[in-house]
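**Q** Dropping in target.txt, which is compact mmCIF, C-alpha atoms:
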# COMPACT_ATOMS: atom_id res chain seq x y z
CA MET A 820 25.30 16.15 -11.43
CA LYS A 821 22.40 16.06 -13.86
CA ILE A 822 19.65 13.47 -13.43
CA LYS A 823 20.39 11.89 -16.80
CA ASP A 824 23.88 11.01 -15.51
CA LYS A 825 22.59 9.31 -12.38
CA SER A 826 21.93 5.59 -12.25
CA ILE A 827 18.40 4.24 -12.56
CA GLU A 828 18.62 2.93 -8.99
CA PHE A 829 19.82 6.25 -7.61
CA PHE A 830 17.15 8.18 -9.54
CA LEU A 831 14.46 5.91 -8.07
CA GLU A 832 15.93 6.30 -4.56
CA GLU A 833 15.95 10.08 -4.92
CA LEU A 834 12.34 10.00 -6.14
CA ALA A 835 11.39 7.98 -3.06
CA SER A 836 13.31 10.24 -0.68
CA LYS A 837 12.17 13.22 1.36
CA ALA A 838 13.92 15.52 -1.09
CA ALA A 839 11.45 17.71 -2.95
CA THR A 840 13.09 16.92 -6.29
CA PRO A 841 13.02 14.93 -8.46
CA GLY A 842 9.27 14.32 -8.33
CA GLY A 843 6.27 13.67 -10.54
CA GLY A 844 7.34 16.20 -13.17
CA SER A 845 10.58 14.35 -13.85
CA VAL A 846 8.73 11.03 -13.93
CA ALA A 847 6.36 12.46 -16.54
CA ALA A 848 9.27 13.57 -18.74
CA MET A 849 11.01 10.22 -18.21
CA MET A 850 7.90 8.40 -19.43
CA GLY A 851 7.86 10.62 -22.50
CA ALA A 852 11.57 10.03 -23.13
CA GLN A 853 11.06 6.26 -22.83
CA SER A 854 8.25 6.53 -25.37
CA ALA A 855 10.43 8.38 -27.88
CA ALA A 856 13.30 5.93 -27.31
CA LEU A 857 11.06 2.92 -27.97
CA ILE A 858 9.83 4.50 -31.21
CA SER A 859 13.46 4.89 -32.30
CA MET A 860 14.04 1.22 -31.51
CA VAL A 861 11.06 0.20 -33.65
CA CYS A 862 12.47 2.29 -36.52
CA ARG A 863 15.98 0.88 -36.18
CA LEU A 864 14.68 -2.69 -36.17
CA THR A 865 12.53 -2.04 -39.25
CA ILE A 866 14.97 -0.07 -41.42
CA GLY A 867 17.03 -2.33 -43.68
CA LYS A 868 14.64 -5.30 -43.46
CA ASP A 869 13.63 -6.64 -46.90
CA ASP A 870 10.04 -7.19 -45.80
CA TYR A 871 9.74 -3.53 -44.89
CA ALA A 872 11.54 -1.96 -47.83
CA ASN A 873 8.30 -0.22 -48.86
CA VAL A 874 8.19 1.76 -45.58
CA GLU A 875 11.93 2.46 -45.40
CA THR A 876 11.57 6.17 -46.18
CA ASP A 877 8.75 6.59 -43.65
CA MET A 878 10.79 4.81 -40.98
CA LYS A 879 13.86 6.96 -41.61
CA ASP A 880 11.73 10.07 -41.33
CA LEU A 881 10.10 8.73 -38.17
CA LEU A 882 13.50 7.93 -36.65
CA LYS A 883 14.72 11.46 -37.23
CA LYS A 884 11.68 12.82 -35.39
CA SER A 885 11.83 10.32 -32.52
CA VAL A 886 15.54 10.96 -31.92
CA GLU A 887 14.83 14.69 -31.72
CA LEU A 888 11.94 14.10 -29.33
CA HIS A 889 14.02 11.72 -27.20
CA LYS A 890 16.60 14.49 -26.75
CA LYS A 891 13.96 17.10 -25.93
CA LEU A 892 12.17 14.92 -23.37
CA THR A 893 15.41 13.84 -21.69
CA ALA A 894 16.21 17.53 -21.13
CA MET A 895 12.75 17.97 -19.58
CA ILE A 896 13.58 15.43 -16.80
CA GLN A 897 16.07 18.04 -15.61
CA ALA A 898 13.99 21.12 -16.48
CA ASP A 899 11.32 20.16 -13.97
CA VAL A 900 13.87 19.97 -11.15
CA ASP A 901 15.53 23.24 -12.17
CA VAL A 902 12.33 25.27 -12.29
CA PHE A 903 11.14 23.79 -9.00
CA ASN A 904 14.40 24.86 -7.38
CA ARG A 905 13.93 28.36 -8.81
CA ILE A 906 10.47 28.55 -7.24
CA MET A 907 11.86 27.42 -3.89
CA ALA A 908 14.59 30.07 -4.14
CA CYS A 909 11.90 32.72 -4.71
CA TYR A 910 9.98 31.61 -1.63
CA ARG A 911 13.18 32.05 0.39
CA LEU A 912 13.55 35.70 -0.69
CA PRO A 913 13.35 38.25 2.15
CA LYS A 914 9.92 39.63 3.03
CA LEU A 915 10.57 42.00 5.90
CA THR A 916 9.69 45.31 4.22
CA ASN A 917 6.71 46.04 2.00
CA GLN A 918 9.09 46.57 -0.89
CA GLU A 919 10.69 43.16 -0.30
CA LYS A 920 7.26 41.55 -0.08
CA GLU A 921 6.23 43.16 -3.35
CA GLN A 922 9.45 42.18 -5.16
CA ARG A 923 9.24 38.63 -3.81
CA SER A 924 5.64 38.26 -4.94
CA VAL A 925 6.42 39.56 -8.45
CA LYS A 926 9.35 37.16 -8.72
CA ILE A 927 7.27 34.18 -7.52
CA GLN A 928 4.52 34.95 -10.02
CA GLN A 929 7.09 35.22 -12.82
CA VAL A 930 8.71 31.87 -12.00
CA LEU A 931 5.32 30.16 -11.58
CA LYS A 932 4.61 31.09 -15.18
CA GLU A 933 7.87 29.48 -16.26
CA ALA A 934 6.98 26.48 -14.09
CA THR A 935 3.68 26.16 -15.94
CA MET A 936 5.43 26.08 -19.29
CA VAL A 937 7.69 23.14 -18.33
CA PRO A 938 4.90 20.54 -17.94
CA LEU A 939 2.90 22.15 -20.75
CA ASP A 940 5.88 21.69 -23.08
CA CYS A 941 6.06 18.09 -21.86
CA VAL A 942 2.39 17.59 -22.83
CA HIS A 943 3.18 18.99 -26.31
CA ALA A 944 6.14 16.62 -26.66
CA CYS A 945 4.15 13.58 -25.46
CA VAL A 946 1.28 14.37 -27.84
CA GLU A 947 3.88 14.38 -30.61
CA ALA A 948 5.17 11.01 -29.31
CA ILE A 949 1.66 9.56 -29.60
CA LYS A 950 1.50 10.67 -33.23
CA LEU A 951 4.89 9.06 -33.91
CA ALA A 952 3.84 5.90 -32.05
CA ARG A 953 0.87 5.56 -34.42
CA VAL A 954 3.23 5.46 -37.41
CA ALA A 955 5.46 2.95 -35.59
CA ALA A 956 2.43 0.76 -34.80
CA ASN A 957 1.10 0.94 -38.34
CA LYS A 958 4.32 0.57 -40.32
CA GLY A 959 7.01 -0.82 -37.99
CA SER A 960 8.26 -4.40 -37.96
CA LEU A 961 5.79 -6.85 -36.45
CA THR A 962 8.56 -8.28 -34.25
CA VAL A 963 8.62 -5.05 -32.22
CA VAL A 964 5.04 -3.85 -32.57
CA SER A 965 4.47 -4.34 -28.82
CA ASP A 966 7.17 -1.72 -28.20
CA ALA A 967 5.15 0.75 -30.26
CA GLY A 968 2.25 -0.15 -27.93
CA VAL A 969 4.33 0.56 -24.82
CA ALA A 970 5.45 3.81 -26.47
CA VAL A 971 1.89 5.07 -26.87
CA ILE A 972 0.97 4.04 -23.30
CA SER A 973 3.97 5.75 -21.73
CA ALA A 974 3.48 8.93 -23.78
CA TYR A 975 -0.13 9.07 -22.62
CA ALA A 976 1.00 8.62 -19.01
CA GLY A 977 3.44 11.50 -19.57
CA ILE A 978 0.54 13.69 -20.73
CA LYS A 979 -1.80 12.88 -17.84
CA SER A 980 1.02 13.34 -15.32
CA SER A 981 2.20 16.65 -16.76
CA ALA A 982 -1.37 17.96 -16.84
CA LEU A 983 -1.48 17.69 -13.03
CA ASN A 984 1.61 19.88 -12.81
CA VAL A 985 0.07 22.46 -15.12
CA TYR A 986 -3.01 22.58 -12.87
CA ILE A 987 -0.96 23.00 -9.65
CA ASN A 988 1.03 25.90 -11.03
CA THR A 989 -1.86 27.73 -12.66
CA ASN A 990 -3.77 27.47 -9.36
CA SER A 991 -1.18 29.79 -7.78
CA ILE A 992 -0.95 32.29 -10.63
CA LYS A 993 -2.82 35.58 -10.29
CA ASP A 994 -2.68 36.63 -13.96
CA GLN A 995 -6.00 35.15 -15.06
CA VAL A 996 -5.43 35.96 -18.73
CA PHE A 997 -2.29 33.80 -18.69
CA VAL A 998 -4.05 31.05 -16.71
CA LYS A 999 -7.03 30.93 -19.05
CA GLU A 1000 -4.80 30.87 -22.11
CA LYS A 1001 -2.63 28.01 -20.79
CA LEU A 1002 -5.58 25.93 -19.59
CA LEU A 1003 -7.27 26.33 -22.99
CA GLU A 1004 -4.01 25.25 -24.64
CA LEU A 1005 -3.90 22.19 -22.36
CA ASP A 1006 -7.55 21.33 -23.01
CA ALA A 1007 -6.94 21.45 -26.75
CA LEU A 1008 -3.99 19.06 -26.35
CA LEU A 1009 -6.00 16.66 -24.15
CA GLU A 1010 -9.00 16.69 -26.51
CA GLY A 1011 -9.39 13.24 -28.02
CA ILE A 1012 -5.97 12.02 -26.84
CA SER A 1013 -7.42 9.24 -24.69
CA VAL A 1014 -9.41 7.88 -27.66
CA GLU A 1015 -6.35 8.16 -29.91
CA THR A 1016 -4.25 6.26 -27.38
CA ASP A 1017 -6.85 3.48 -27.14
CA GLU A 1018 -7.04 3.26 -30.94
CA ILE A 1019 -3.27 2.82 -31.31
CA TYR A 1020 -3.21 0.31 -28.44
CA GLN A 1021 -5.90 -1.71 -30.25
CA ILE A 1022 -3.96 -1.60 -33.53
CA VAL A 1023 -0.98 -3.05 -31.66
CA LYS A 1024 -3.03 -5.67 -29.79
CA GLU A 1025 -4.55 -6.95 -33.02
CA LYS A 1026 -1.11 -7.30 -34.61
CA LEU A 1027 0.39 -9.38 -31.77
CA MET B 630 26.27 -4.52 -15.53
CA LYS B 631 22.66 -4.48 -14.38
CA ILE B 632 20.26 -1.93 -15.84
CA LYS B 633 19.64 -0.35 -12.43
CA ASP B 634 23.33 0.59 -12.31
CA LYS B 635 23.31 2.27 -15.71
CA SER B 636 22.68 5.98 -16.09
CA ILE B 637 19.28 7.27 -17.15
CA GLU B 638 20.81 8.61 -20.37
CA PHE B 639 22.51 5.30 -21.18
CA PHE B 640 19.34 3.31 -20.40
CA LEU B 641 17.38 5.54 -22.78
CA GLU B 642 20.07 5.20 -25.47
CA GLU B 643 20.01 1.42 -25.11
CA LEU B 644 16.22 1.42 -25.37
CA ALA B 645 16.47 3.44 -28.58
CA SER B 646 19.18 1.23 -30.05
CA LYS B 647 18.95 -1.76 -32.36
CA ALA B 648 19.68 -4.06 -29.41
CA ALA B 649 16.72 -6.29 -28.63
CA THR B 650 16.95 -5.49 -24.91
CA PRO B 651 16.04 -3.50 -22.93
CA GLY B 652 12.61 -2.95 -24.48
CA GLY B 653 8.98 -2.37 -23.58
CA GLY B 654 9.02 -4.88 -20.73
CA SER B 655 11.72 -2.98 -18.88
CA VAL B 656 9.93 0.31 -19.53
CA ALA B 657 6.76 -1.17 -17.99
CA ALA B 658 8.64 -2.24 -14.85
CA MET B 659 10.40 1.14 -14.70
CA MET B 660 7.02 2.91 -14.76
CA GLY B 661 5.87 0.67 -11.92
CA ALA B 662 9.05 1.34 -9.93
CA GLN B 663 8.62 5.09 -10.42
CA SER B 664 5.06 4.77 -9.13
CA ALA B 665 6.16 2.95 -5.97
CA ALA B 666 8.99 5.44 -5.43
CA LEU B 667 6.62 8.42 -5.68
CA ILE B 668 4.27 6.80 -3.15
CA SER B 669 7.21 6.46 -0.75
CA MET B 670 8.00 10.15 -1.27
CA VAL B 671 4.41 11.11 -0.43
CA CYS B 672 4.65 9.03 2.77
CA ARG B 673 8.00 10.51 3.79
CA LEU B 674 6.75 14.06 3.27
CA THR B 675 3.60 13.35 5.31
CA ILE B 676 5.06 11.42 8.25
CA GLY B 677 6.08 13.71 11.10
CA LYS B 678 3.89 16.64 9.98
CA ASP B 679 1.63 17.93 12.77
CA ASP B 680 -1.29 18.44 10.40
CA TYR B 681 -1.15 14.78 9.44
CA ALA B 682 -0.58 13.22 12.87
CA ASN B 683 -3.93 11.42 12.59
CA VAL B 684 -2.76 9.45 9.51
CA GLU B 685 0.79 8.82 10.76
CA THR B 686 0.22 5.09 11.36
CA ASP B 687 -1.41 4.64 7.96
CA MET B 688 1.45 6.48 6.27
CA LYS B 689 4.08 4.38 8.02
CA ASP B 690 2.28 1.21 6.97
CA LEU B 691 1.95 2.55 3.42
CA LEU B 692 5.66 3.42 3.29
CA LYS B 693 6.63 -0.12 4.30
CA LYS B 694 4.53 -1.51 1.46
CA SER B 695 5.72 1.01 -1.14
CA VAL B 696 9.39 0.43 -0.29
CA GLU B 697 8.86 -3.32 -0.73
CA LEU B 698 7.10 -2.75 -4.05
CA HIS B 699 9.79 -0.32 -5.24
CA LYS B 700 12.40 -3.06 -4.66
CA LYS B 701 10.30 -5.71 -6.41
CA LEU B 702 9.59 -3.55 -9.46
CA THR B 703 13.20 -2.41 -9.79
CA ALA B 704 14.21 -6.08 -10.01
CA MET B 705 11.62 -6.57 -12.76
CA ILE B 706 13.40 -4.01 -15.00
CA GLN B 707 16.21 -6.58 -15.15
CA ALA B 708 14.00 -9.70 -15.12
CA ASP B 709 12.46 -8.78 -18.47
CA VAL B 710 15.89 -8.54 -20.10
CA ASP B 711 17.10 -11.77 -18.51
CA VAL B 712 14.13 -13.86 -19.62
CA PHE B 713 14.25 -12.40 -23.13
CA ASN B 714 17.91 -13.41 -23.37
CA ARG B 715 16.97 -16.92 -22.23
CA ILE B 716 14.37 -17.16 -25.00
CA MET B 717 16.91 -15.99 -27.56
CA ALA B 718 19.38 -18.61 -26.29
CA CYS B 719 16.72 -21.31 -26.77
CA TYR B 720 16.09 -20.21 -30.35
CA ARG B 721 19.82 -20.59 -31.01
CA LEU B 722 19.83 -24.25 -29.85
CA PRO B 723 20.78 -26.78 -32.57
CA LYS B 724 17.95 -28.22 -34.68
CA LEU B 725 19.68 -30.56 -37.09
CA THR B 726 18.28 -33.90 -35.87
CA ASN B 727 14.69 -34.69 -34.93
CA GLN B 728 15.79 -35.18 -31.33
CA GLU B 729 17.44 -31.76 -31.28
CA LYS B 730 14.35 -30.20 -32.81
CA GLU B 731 12.16 -31.83 -30.17
CA GLN B 732 14.42 -30.79 -27.27
CA ARG B 733 14.69 -27.26 -28.61
CA SER B 734 10.94 -26.95 -28.92
CA VAL B 735 10.35 -28.25 -25.37
CA LYS B 736 12.90 -25.80 -24.02
CA ILE B 737 11.40 -22.85 -25.93
CA GLN B 738 7.92 -23.67 -24.64
CA GLN B 739 9.23 -23.90 -21.09
CA VAL B 740 11.00 -20.52 -21.23
CA LEU B 741 7.99 -18.88 -22.92
CA LYS B 742 5.97 -19.83 -19.85
CA GLU B 743 8.56 -18.16 -17.62
CA ALA B 744 8.52 -15.17 -19.98
CA THR B 745 4.75 -14.91 -19.53
CA MET B 746 5.08 -14.80 -15.76
CA VAL B 747 7.50 -11.83 -15.80
CA PRO B 748 5.03 -9.27 -17.23
CA LEU B 749 2.13 -10.93 -15.38
CA ASP B 750 4.00 -10.42 -12.10
CA CYS B 751 4.56 -6.83 -13.18
CA VAL B 752 0.79 -6.39 -13.67
CA HIS B 753 0.22 -7.77 -10.15
CA ALA B 754 2.79 -5.36 -8.70
CA CYS B 755 1.36 -2.35 -10.57
CA VAL B 756 -2.20 -3.19 -9.47
CA GLU B 757 -0.83 -3.17 -5.92
CA ALA B 758 0.80 0.22 -6.64
CA ILE B 759 -2.59 1.61 -7.71
CA LYS B 760 -4.11 0.49 -4.41
CA LEU B 761 -1.27 2.15 -2.50
CA ALA B 762 -1.58 5.31 -4.62
CA ARG B 763 -5.22 5.57 -3.57
CA VAL B 764 -4.17 5.71 0.10
CA ALA B 765 -1.47 8.26 -0.75
CA ALA B 766 -4.01 10.39 -2.65
CA ASN B 767 -6.58 10.19 0.13
CA LYS B 768 -4.35 10.61 3.17
CA GLY B 769 -1.00 12.04 2.05
CA SER B 770 0.10 15.64 2.48
CA LEU B 771 -1.66 18.06 0.14
CA THR B 772 1.72 19.54 -0.84
CA VAL B 773 2.60 16.32 -2.69
CA VAL B 774 -0.82 15.06 -3.73
CA SER B 775 0.06 15.55 -7.42
CA ASP B 776 2.85 12.99 -6.95
CA ALA B 777 0.23 10.47 -5.82
CA GLY B 778 -1.57 11.33 -9.07
CA VAL B 779 1.54 10.67 -11.15
CA ALA B 780 2.01 7.44 -9.18
CA VAL B 781 -1.42 6.13 -10.17
CA ILE B 782 -0.93 7.13 -13.81
CA SER B 783 2.47 5.48 -14.12
CA ALA B 784 1.29 2.29 -12.39
CA TYR B 785 -1.61 2.09 -14.84
CA ALA B 786 0.80 2.57 -17.75
CA GLY B 787 2.89 -0.27 -16.31
CA ILE B 788 -0.18 -2.52 -16.33
CA LYS B 789 -1.26 -1.74 -19.89
CA SER B 790 2.30 -2.13 -21.15
CA SER B 791 2.91 -5.43 -19.35
CA ALA B 792 -0.39 -6.81 -20.62
CA LEU B 793 0.93 -6.52 -24.20
CA ASN B 794 3.92 -8.64 -23.22
CA VAL B 795 1.66 -11.26 -21.66
CA TYR B 796 -0.32 -11.43 -24.92
CA ILE B 797 2.79 -11.81 -27.10
CA ASN B 798 4.17 -14.69 -25.07
CA THR B 799 0.91 -16.58 -24.66
CA ASN B 800 0.39 -16.33 -28.42
CA SER B 801 3.42 -18.60 -28.91
CA ILE B 802 2.59 -21.12 -26.16
CA LYS B 803 1.04 -24.42 -27.19
CA ASP B 804 -0.21 -25.49 -23.74
CA GLN B 805 -3.72 -24.07 -23.98
CA VAL B 806 -4.58 -24.88 -20.35
CA PHE B 807 -1.69 -22.67 -19.22
CA VAL B 808 -2.61 -19.95 -21.72
CA LYS B 809 -6.27 -19.88 -20.70
CA GLU B 810 -5.37 -19.77 -17.01
CA LYS B 811 -2.92 -16.88 -17.41
CA LEU B 812 -5.22 -14.86 -19.66
CA LEU B 813 -8.05 -15.29 -17.16
CA GLU B 814 -5.69 -14.16 -14.40
CA LEU B 815 -4.77 -11.10 -16.48
CA ASP B 816 -8.41 -10.30 -17.27
CA ALA B 817 -9.26 -10.41 -13.57
CA LEU B 818 -6.44 -7.98 -12.83
CA LEU B 819 -7.50 -5.61 -15.63
CA GLU B 820 -11.16 -5.69 -14.59
CA GLY B 821 -12.16 -2.25 -13.35
CA ILE B 822 -8.57 -0.98 -13.15
CA SER B 823 -9.14 1.78 -15.70
CA VAL B 824 -12.13 3.09 -13.72
CA GLU B 825 -10.14 2.86 -10.47
CA THR B 826 -7.27 4.82 -12.03
CA ASP B 827 -9.64 7.53 -13.24
CA GLU B 828 -11.25 7.75 -9.79
CA ILE B 829 -7.92 8.25 -8.03
CA TYR B 830 -6.82 10.77 -10.66
CA GLN B 831 -10.03 12.73 -10.01
CA ILE B 832 -9.47 12.64 -6.24
CA VAL B 833 -6.03 14.17 -6.85
CA LYS B 834 -7.24 16.73 -9.36
CA GLU B 835 -9.91 17.99 -6.97
CA LYS B 836 -7.34 18.39 -4.19
CA LEU B 837 -4.91 20.50 -6.25
Rewrite the structure of this file - the entire thing - as structure tokens.
**A**
Amino acid sequence: MKIKDKSIEFFLEELASKAATPGGGSVAAMMGAQSAALISMVCRLTIGKDDYANVETDMKDLLKKSVELHKKLTAMIQADVDVFNRIMACYRLPKLTNQEKEQRSVKIQQVLKEATMVPLDCVHACVEAIKLARVAANKGSLTVVSDAGVAVISAYAGIKSSALNVYINTNSIKDQVFVKEKLLELDALLEGISVETDEIYQIVKEKL
Amino acid sequence: MKIKDKSIEFFLEELASKAATPGGGSVAAMMGAQSAALISMVCRLTIGKDDYANVETDMKDLLKKSVELHKKLTAMIQADVDVFNRIMACYRLPKLTNQEKEQRSVKIQQVLKEATMVPLDCVHACVEAIKLARVAANKGSLTVVSDAGVAVISAYAGIKSSALNVYINTNSIKDQVFVKEKLLELDALLEGISVETDEIYQIVKEKL
């Protein structure tokens, strides 16, 4: 059974349990998915309103993007669990002979690279959510502007949370070219995102 | 059907829909609940480990508190929807006669005060989660320290999101003594919380 099909209560109980998954990576993706969903809500409650006829095209375009992002981030809730389970499976591989040790190590390193990409993709998606949240805050209906504010806050939380999972995985990767490349990519995504989040939050606060 | 019993996918779809609830208030409580749940996970994966025998009592105490908080914040996911529906019901009250207008207005003001307390209680609970996350980050097993990091980030997101809902409601309340009191209470809770969050995040990052 996929996480998305589980109840909220059960998901929270599983998070809280001794089970290794789901964990922080799924929470990060969930925060991103909630962000995208709230942006869609802002769009849907703006489109068709006479007072917002002048932004109708922008809102329809925004909705298309937020729906896409919602889908992508929902899939990432599961992706984090799946890649974690693949890592665990690698650690359980036999390591009696030198050949087995070598094969196991190669496999672990390979899956750790995949495991780095999962939270890094989540950072990309949440950065996109922040951009969409800015449009929602600027152009969406005033009656739901606070939801655009929650959207930017939860996307930012998704970014900061996913960054931790990028750091953990890169710390165990031997290929320093890969590590350097991915950490530079992450740094570029993080650059200025805190200021941008604060700016959008202020836009919302002043409109309340 | 309560939100906690709905699937993750359905909850996200409802968020994204035109329906007024659930919205940002439920997302804020959900982020808080995820924070508390992750703290419980850190405790459960630390308790019983030989290397952490010296913090066993602290972890058991922390677990008791995080489980309590998890329960409280899960209930708040629903509380936001319930109070919003009560406000909507008040706005639908008849307002043909002066007496009806007066009664309707009194009722709206009363429920707006309740609606202010829901996100304010969520801020209180998320501030508590940040304190618990600090203990988890400092004393929990290194293997799950990143989850303590995600816990602090999601609790902070719960605070910032709930604050917006406090502002919206107080903006419509006429009783300025109540408004001033609640905004002062909120300010006191927000004071230093951003710095505290950053500190705990740094503790985690350095332990990865």
**Q** Using only C-alpha atoms for the distances, tell me which of A:Ile1012, A:Val985, A:Leu915, A:Leu857 is nearest to chain B.
**A**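 Going through A:Ile1012, A:Val985, A:Leu915, A:Leu857 one by one, the smallest distance to chain B is for A:Leu857.
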**Q** Extract, using all atoms listed in the file, all DNA, RNA and protein residues at most 8 Å from Cys755 in chain B, discarding same-chain residues fewer than 4 positions from it, and format them as an MDAnalysis selection string.
**A** chainID B and resid 661 751 759 784:785 787:788
**Q** For chain B, list the residues within 7 Å of chain A, counting all atoms listed in the file, and write the list as a compact mmCIF listing (two decimals) with C-alpha atoms, in the frame of the given file.
**A**
# COMPACT_ATOMS: atom_id res chain seq x y z
CA LYS B 633 19.64 -0.35 -12.43
CA ASP B 634 23.33 0.59 -12.31
CA LYS B 635 23.31 2.27 -15.71
CA SER B 636 22.68 5.98 -16.09
CA ILE B 637 19.28 7.27 -17.15
CA GLU B 638 20.81 8.61 -20.37
CA LEU B 641 17.38 5.54 -22.78
CA LEU B 644 16.22 1.42 -25.37
CA ALA B 645 16.47 3.44 -28.58
CA SER B 646 19.18 1.23 -30.05
CA LYS B 647 18.95 -1.76 -32.36
CA GLY B 652 12.61 -2.95 -24.48
CA GLY B 653 8.98 -2.37 -23.58
CA VAL B 656 9.93 0.31 -19.53
CA GLN B 663 8.62 5.09 -10.42
CA ALA B 666 8.99 5.44 -5.43
CA LEU B 667 6.62 8.42 -5.68
CA SER B 669 7.21 6.46 -0.75
CA MET B 670 8.00 10.15 -1.27
CA ARG B 673 8.00 10.51 3.79
CA LEU B 674 6.75 14.06 3.27
CA SER B 775 0.06 15.55 -7.42
CA ASP B 776 2.85 12.99 -6.95
CA VAL B 779 1.54 10.67 -11.15
CA ILE B 782 -0.93 7.13 -13.81
CA SER B 783 2.47 5.48 -14.12
CA ALA B 786 0.80 2.57 -17.75
CA SER B 790 2.30 -2.13 -21.15
CA LEU B 793 0.93 -6.52 -24.20
CA ILE B 797 2.79 -11.81 -27.10
CA LYS B 834 -7.24 16.73 -9.36
CA LEU B 837 -4.91 20.50 -6.25
**Q** Name the closest residue to Glu685 in chain B among the candidates B:Val740, B:Ala765, B:Met717, B:Ala754; distances are taken between atoms, counting only C-alpha atoms.
**A**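 Looking only at the distances to Glu685 in chain B, the closest residue turns out to be B:Ala765.
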**Q** In Å, with one decimal, what is the gap from CA of Ile829 in chain B to CA of Leu691 in chain B?
**A**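 That distance, rounded to one decimal, is 16.2 Å.
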**Q** For CA of Cys719 in chain B and CA of Pro748 in chain B, quote the distance in Å rounded to one decimal.
**A**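 Distance between the two atoms: 19.3 Å.
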